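The next block holds one structure in the form of structure tokens; read it before the comments.
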Amino acid sequence: MLFLFPELILCGLGLGATVAALFCRGRGAGRWALYGFFVCLAGVVTGLCLLAYAIDLGPEATGQLTPEFIARTFAVDPLSLFFSTLALAVCGLAMLFSMEFVEEVLEEHPAEFLALIAFASLGIACVARSRDLITLFFSLELVSISGYLLSGMLRREPRSLEAALKYFLIGAVSSAIMLFGMSLIYGLTGATDLRVLRDAVGEGHLHAVGQLAGVRMVSSQDPMVITGILCIVVGLGFKIAMVPFHMWCPDVYEGAPTPATAFLSVGPKAAGFVAIVRLLMLTFAPSSGPVPWAQPVLWLCALTMTLGNVVACRQTNLKRMLAYSSIAHSGYILIAVVSLGSADLALPAIVMYLIAYVLMNVGAFSVVIALSNIEGREDIHAYNGLSKRSPYLAYAWVIFAMSLAGVPPTAGFLGKLYVFMAALDDRVRLYWLAVVGVANAVISVWYYFRVARHMFFVEGVRTEPIRVGRGAGWAIGLSLAGTLVLVPLFPWLISFATSAAQVLGAW
């Protein structure tokens with residue numbers, strides 16, 4: 001139970017906020033957000049200490065410390081513990097930048113908002129831990145259902161209700177398609193355990209499967225197996241907003257409350273990519289050579305990057321712009337996904353990019369939240385002359401824009417660098433895809449820094465100084481620190497992710 005510490009904290013936070021909802025209104029919920037942040041901060045520190053302890057013990061000793069009934073369903077390895085700790089950090093940052101929203105804007109049920117954030121983060125952590133198709137599906141649904149409710153928290157706002165309805169309908173369809181793919185795999189093999197499926201679908205290891213009654217061996221080239229895997233890819237494609245399954249993203253991001261949008265931009269995406277790693281790399285990928293599902297995803301990857309960046313250039317609403325930016329970042333991460341099984345840097349690149357993405361996207365949205373709390377607007381003209389009203393917000397945006405665009409010396413630059421290096425691996429040789437990625441990174445510079453131009457070089461109508469709320473201000477400061485301080489830590493993180501990839505390869 002020691003290595004399930006992040007999940008226990010998130011579950012306790014969710015239950016505590018649910019109980020607090022019976023008694024707390026207004027400012028009471030804001031205090032709960034601050035308390036929740038400090039609990040998450042303590043949990044992150046403890047999780048990192050446990051991570052170092054787990055790496056020092058090794059995977060075998062770590063597994064021996066876990067009760068058997070838990071080990072059968074939940075993975076206890078350094079990578080899953082790392083993603084659980086990341087989910088805890090996302091929860092803490094979300095509670096922090098939501099403080100002013102739950103205190104001043106959300107009149108009804110503010111504590112439920114915090115509970116939903118905690119339960120969605122718990123779902124992300126459980127996705128990273130899942131060793132079974134059933135556990136994985138229910139963990140993803142915990143993230144999705146919490147997201148539906150978060151996007152519709154402003155019940156008197158038609159845009160919020162519309163966003164929740166669109167998100168629910170499209171999310172339900174994506175879940176049904178993914179569940180259909182999982183049922184096909186189960187029907188063919190008779191197994192839901194990912195370790196058994198790894199041996200039952202593919203090239204061999206029949207000795208492991210033969211000892212399990214009712215498990216059938218099938219070829220990875222079987223049309224029904226390929227259909228099942230593609231259905232799973234489609235379902236996860238909705239979760240990560242991969243083109244052509246992205247249509248919900250801009251409308252939901254624009255209509256949902258801004259703090260909910262900020263959380264939805266990183267939470268479900270992180271869960272989706274962790275599920276992709278668990279399923280498509282560790283379960284259905286062959287031990288050597290290219291994966292059979294990589295070719296269609298290859299073209300969708302290029303399309304996702306290009307459409308996201310090109311359409312973002314035309315947006316004047318910052319939430320819609322960041323929505324299309326989020327779609328483009330899914331395309332960048334997919335470059336490493338299609339390199340899984342061939343490039344040694346693929347998994348480390350995914351880990352690095354997700355960390356950088358969480359920090360820089362949360363930071364950028366926190367700037368939007370800070371101004372939206374005062375102006376009540378998200379259009380680009382609301383940022384005219386912001387450098388004179390709040391230099392802190394303006395310069396913070398510049399740094400986050402540099403990281404989102406991949407400009408050195410930021411975490412976003414190193415994330416993109418390792419993703420492109422995975423595509424340029426001698427065994428992958430996706431040179432054209434790396435060129436498309438670099439070209440899209442150049443395109444993104446324009447729309448990120450167009451906002452900066454309005455902040456520094458366009459005169460605004462209002463000139464009074466802006467007082468940044470303590471929650472959003474701290475979230476921006478922590479994201480800034482992570483975006484810049486993460487750079488010298490990258491060698492250690494790459495070493496850790498590479499070691500974790502070797503451990504998972506033998507999992």
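We name chains A, B, ... following the order of the structure tokens; residues begin at 1 in each chain, and ligands are numbered from 1 as shown.
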
*Could you pull the residues within 8 Å of Trp397 (chain A), counting only C-alpha atoms, minus those fewer than 3 positions along the same chain, as a count of residues only?*
8

*For Val436 (chain A), work out the shell of residues within 12 Å, counting only C-alpha atoms and skipping chain neighbours fewer than 4 positions away, then give it as a PyMOL selection string.*
chain A and resi 298-299+301-307+309+328+331-332+335+420+423+430-432+440-443

Using N, CA and C atoms, can you export the residues from the last selection as a tab-separated table (two decimals), in the first residue's frame?
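Written output follows (result26.tsv):
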chain	number	residue	atom	x	y	z
A	298	LEU	N	0.36	7.61	-38.23
A	298	LEU	CA	1.42	8.46	-38.75
A	298	LEU	C	0.85	9.67	-39.50
A	299	TRP	N	-0.09	9.40	-40.38
A	299	TRP	CA	-0.68	10.50	-41.17
A	299	TRP	C	-1.60	11.36	-40.31
A	301	CYS	N	-1.09	11.98	-37.25
A	301	CYS	CA	-0.17	12.80	-36.46
A	301	CYS	C	0.19	14.09	-37.20
A	302	ALA	N	0.58	13.96	-38.47
A	302	ALA	CA	0.92	15.14	-39.27
A	302	ALA	C	-0.29	16.05	-39.45
A	303	LEU	N	-1.47	15.45	-39.67
A	303	LEU	CA	-2.68	16.25	-39.85
A	303	LEU	C	-3.07	16.97	-38.57
A	304	THR	N	-2.89	16.30	-37.42
A	304	THR	CA	-3.23	16.91	-36.13
A	304	THR	C	-2.37	18.13	-35.86
A	305	MET	N	-1.07	18.01	-36.07
A	305	MET	CA	-0.17	19.15	-35.87
A	305	MET	C	-0.54	20.32	-36.77
A	306	THR	N	-0.73	20.01	-38.05
A	306	THR	CA	-0.92	21.07	-39.04
A	306	THR	C	-2.26	21.78	-38.85
A	307	LEU	N	-3.34	21.00	-38.72
A	307	LEU	CA	-4.66	21.63	-38.54
A	307	LEU	C	-4.70	22.44	-37.26
A	309	ASN	N	-2.32	24.02	-35.59
A	309	ASN	CA	-1.56	25.27	-35.66
A	309	ASN	C	-2.14	26.25	-36.68
A	328	ALA	N	-2.67	20.72	-31.51
A	328	ALA	CA	-1.35	20.64	-32.15
A	328	ALA	C	-0.34	19.92	-31.27
A	331	GLY	N	-0.46	16.32	-31.56
A	331	GLY	CA	0.27	15.86	-32.74
A	331	GLY	C	1.75	15.69	-32.47
A	332	TYR	N	2.35	16.63	-31.73
A	332	TYR	CA	3.77	16.51	-31.41
A	332	TYR	C	4.05	15.24	-30.59
A	335	ILE	N	4.16	11.99	-32.48
A	335	ILE	CA	5.42	11.67	-33.19
A	335	ILE	C	6.18	10.61	-32.42
A	420	PHE	N	11.47	15.03	-31.62
A	420	PHE	CA	12.02	15.00	-32.97
A	420	PHE	C	13.20	14.03	-33.06
A	423	ALA	N	11.91	10.64	-33.71
A	423	ALA	CA	11.53	10.44	-35.12
A	423	ALA	C	12.74	10.27	-36.02
A	430	LEU	N	11.80	8.74	-39.64
A	430	LEU	CA	10.65	9.54	-40.06
A	430	LEU	C	11.11	10.98	-40.27
A	431	TYR	N	12.02	11.17	-41.21
A	431	TYR	CA	12.60	12.50	-41.42
A	431	TYR	C	11.53	13.50	-41.84
A	432	TRP	N	10.64	13.07	-42.73
A	432	TRP	CA	9.62	14.01	-43.22
A	432	TRP	C	8.68	14.45	-42.10
A	440	ASN	N	5.67	23.22	-38.15
A	440	ASN	CA	4.51	23.59	-37.33
A	440	ASN	C	4.93	24.36	-36.09
A	441	ALA	N	6.08	24.01	-35.52
A	441	ALA	CA	6.58	24.78	-34.37
A	441	ALA	C	6.86	26.22	-34.76
A	442	VAL	N	7.36	26.43	-35.96
A	442	VAL	CA	7.62	27.79	-36.45
A	442	VAL	C	6.30	28.53	-36.64
A	443	ILE	N	5.30	27.85	-37.20
A	443	ILE	CA	3.98	28.48	-37.39
A	443	ILE	C	3.41	28.93	-36.05

*Would you list, as a PyMOL selection string, the residues of region 163-272 of chain A that end up in alpha helix (DSSP H) under DSSP run on this structure's backbone?*
chain A and resi 163-189+194-200+206-210+223-239+248-255+258-272

_Report as a list of chain:residue names all protein, DNA and RNA residues lying within 9 Å of Cys40 (chain A), evaluated on only C-alpha atoms, omitting residues in the same chain fewer than 6 positions from it._
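Non-adjacent residues within range: A:Pro6, A:Ile9, A:Leu10, A:Leu13, A:Leu88, A:Ala89, A:Val90, A:Cys91, A:Gly92, A:Leu93.
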
*Point-to-point distance in Å for CA of Cys11 (chain A) and CA of Leu122 (chain A)*: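 Calculated distance between CA of Leu122 (chain A) and CA of Cys11 (chain A) is 6.5 Å.
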
If we count only C-alpha atoms, what is near Ile185 (chain A) at a cut-off of 9 Å, once residues fewer than 5 positions away on the same chain are taken out, given as a compact mmCIF listing (two decimals) with N, CA and C atoms, in the first residue's frame?
# COMPACT_ATOMS: atom_id res chain seq x y z
N PHE A 180 -16.05 -1.23 -27.45
CA PHE A 180 -16.27 -2.24 -28.49
C PHE A 180 -14.95 -2.88 -28.90
N GLY A 190 -10.09 -14.17 -24.58
CA GLY A 190 -10.62 -14.61 -23.30
C GLY A 190 -9.89 -14.03 -22.11
N ALA A 191 -9.16 -12.92 -22.30
CA ALA A 191 -8.37 -12.33 -21.21
C ALA A 191 -8.56 -10.82 -21.21
N THR A 192 -8.46 -10.24 -20.02
CA THR A 192 -8.45 -8.78 -19.88
C THR A 192 -7.17 -8.28 -19.23
N LEU A 197 -2.55 -10.48 -22.20
CA LEU A 197 -2.82 -10.06 -23.58
C LEU A 197 -1.53 -9.82 -24.35
N VAL A 201 -1.57 -11.94 -27.74
CA VAL A 201 -1.67 -11.26 -29.02
C VAL A 201 -0.25 -10.92 -29.47
N MET A 224 -9.57 -9.18 -37.07
CA MET A 224 -10.39 -8.80 -35.92
C MET A 224 -9.54 -8.14 -34.83
N VAL A 225 -8.32 -8.63 -34.66
CA VAL A 225 -7.42 -8.01 -33.69
C VAL A 225 -7.09 -6.59 -34.11
N GLY A 228 -10.03 -4.38 -33.50
CA GLY A 228 -10.16 -4.05 -32.08
C GLY A 228 -9.17 -2.98 -31.66
N ILE A 229 -7.92 -3.12 -32.11
CA ILE A 229 -6.89 -2.14 -31.74
C ILE A 229 -7.22 -0.78 -32.33

*Out of A:Ile399, A:Ala411, A:Leu433, A:Leu184, which residue has the shortest atom-to-atom distance to Val485 (chain A) when counting only C-alpha atoms?*
A:Ala411

*asked:* From the options A:Met321, A:Gly152, A:Ala260, A:Leu354, which residue's atoms come nearest to Leu414 (chain A), counting only C-alpha atoms?
replied: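 Comparing A:Met321, A:Gly152, A:Ala260, A:Leu354 against Leu414 (chain A), the winner is A:Leu354.
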
_Residues near Tyr253 (chain A), cut-off 9 Å, only C-alpha atoms, skip fewer than 3 positions along chain, as a VMD selection string_ = chain A and resid 151 163 248 to 250 256 to 258 260 to 262 264 to 265 319 to 320 322 to 323

Quick one: residues within 12 Å of Val398 (chain A), only C-alpha atoms counted, chain neighbours fewer than 5 positions away excluded, as a short mmCIF file (atom, residue, chain, number, x, y, z; two decimals) with N, CA and C atoms, in the first residue's frame?
data_model
loop_
_atom_site.label_atom_id
_atom_site.label_comp_id
_atom_site.auth_asym_id
_atom_site.auth_seq_id
_atom_site.Cartn_x
_atom_site.Cartn_y
_atom_site.Cartn_z
N MET A 360 3.62 24.31 -18.91
CA MET A 360 3.46 25.51 -19.75
C MET A 360 2.00 25.77 -20.08
N GLY A 363 0.33 27.16 -16.95
CA GLY A 363 0.77 28.54 -16.78
C GLY A 363 0.06 29.50 -17.72
N ALA A 364 -0.04 29.12 -19.01
CA ALA A 364 -0.71 29.98 -19.98
C ALA A 364 -2.18 30.17 -19.62
N VAL A 367 -2.72 32.61 -16.73
CA VAL A 367 -2.71 34.01 -17.15
C VAL A 367 -4.09 34.41 -17.65
N LEU A 386 -1.52 45.18 -21.63
CA LEU A 386 -1.41 44.44 -20.37
C LEU A 386 -0.05 44.63 -19.70
N SER A 387 0.98 44.88 -20.48
CA SER A 387 2.32 45.03 -19.90
C SER A 387 2.39 46.23 -18.96
N PRO A 391 2.80 43.88 -15.44
CA PRO A 391 4.00 43.32 -16.07
C PRO A 391 4.20 41.83 -15.73
N TYR A 392 3.78 41.42 -14.54
CA TYR A 392 3.94 40.02 -14.14
C TYR A 392 3.20 39.09 -15.11
N LEU A 393 1.93 39.42 -15.41
CA LEU A 393 1.17 38.59 -16.33
C LEU A 393 1.75 38.64 -17.74
N SER A 403 7.87 28.61 -24.38
CA SER A 403 7.88 27.17 -24.11
C SER A 403 6.90 26.43 -25.00
N LEU A 404 5.70 26.97 -25.17
CA LEU A 404 4.71 26.33 -26.03
C LEU A 404 5.18 26.25 -27.48
N ALA A 405 5.89 27.29 -27.93
CA ALA A 405 6.39 27.30 -29.30
C ALA A 405 7.68 26.51 -29.46
N VAL A 407 10.79 27.39 -28.01
CA VAL A 407 11.94 28.29 -28.10
C VAL A 407 12.86 28.03 -26.91
N THR A 410 13.71 26.74 -22.70
CA THR A 410 12.54 26.39 -21.91
C THR A 410 12.31 24.89 -21.96
N VAL A 445 4.79 30.01 -33.46
CA VAL A 445 5.40 31.23 -32.90
C VAL A 445 4.52 32.43 -33.21
N TYR A 447 1.14 32.85 -33.66
CA TYR A 447 -0.09 33.14 -32.90
C TYR A 447 0.18 33.26 -31.41
N TYR A 448 1.21 32.61 -30.88
CA TYR A 448 1.52 32.82 -29.46
C TYR A 448 2.02 34.25 -29.22
N PHE A 449 2.90 34.71 -30.10
CA PHE A 449 3.49 36.03 -29.89
C PHE A 449 2.62 37.15 -30.45
N ARG A 450 1.57 36.81 -31.19
CA ARG A 450 0.59 37.83 -31.56
C ARG A 450 -0.10 38.35 -30.30
N VAL A 451 -0.36 37.45 -29.34
CA VAL A 451 -0.94 37.88 -28.06
C VAL A 451 0.04 38.78 -27.33
N ALA A 452 1.33 38.43 -27.35
CA ALA A 452 2.35 39.27 -26.71
C ALA A 452 2.42 40.64 -27.36
N ARG A 453 2.22 40.71 -28.67
CA ARG A 453 2.22 42.02 -29.34
C ARG A 453 1.11 42.90 -28.82
N HIS A 454 -0.07 42.33 -28.62
CA HIS A 454 -1.18 43.11 -28.04
C HIS A 454 -0.84 43.56 -26.62
N MET A 455 -0.13 42.73 -25.88
CA MET A 455 0.22 43.08 -24.50
C MET A 455 1.20 44.24 -24.43
N PHE A 456 2.17 44.28 -25.35
CA PHE A 456 3.28 45.23 -25.23
C PHE A 456 3.19 46.41 -26.20
N LEU A 480 5.94 28.88 -13.88
CA LEU A 480 7.15 29.53 -14.40
C LEU A 480 8.41 28.85 -13.88
#

_So that I can see what lies close to Gly460 (chain A), please list as a ChimeraX atom specification the residues with an atom at most 8 Å from it, counting only C-alpha atoms and leaving out residues fewer than 5 positions away in the same chain._
/A:381-386

*Go through A:Ala125, A:Leu106, A:Ile232, A:Cys313 and flag the residue nearest Glu157 (chain A), using only C-alpha atoms for the distances.*
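Ranked by minimum distance to Glu157 (chain A), first place goes to A:Leu106.
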
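Nearest residue to Val76 (chain A) among A:Phe137, A:Phe37, A:Phe413, A:Phe5 is A:Phe5, counting only C-alpha atoms.
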
*So how far away is CA of Ser121 (chain A) from CA of Pro268 (chain A), in Å?*
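We find that CA of Pro268 (chain A) and CA of Ser121 (chain A) lie 9.0 Å from each other.
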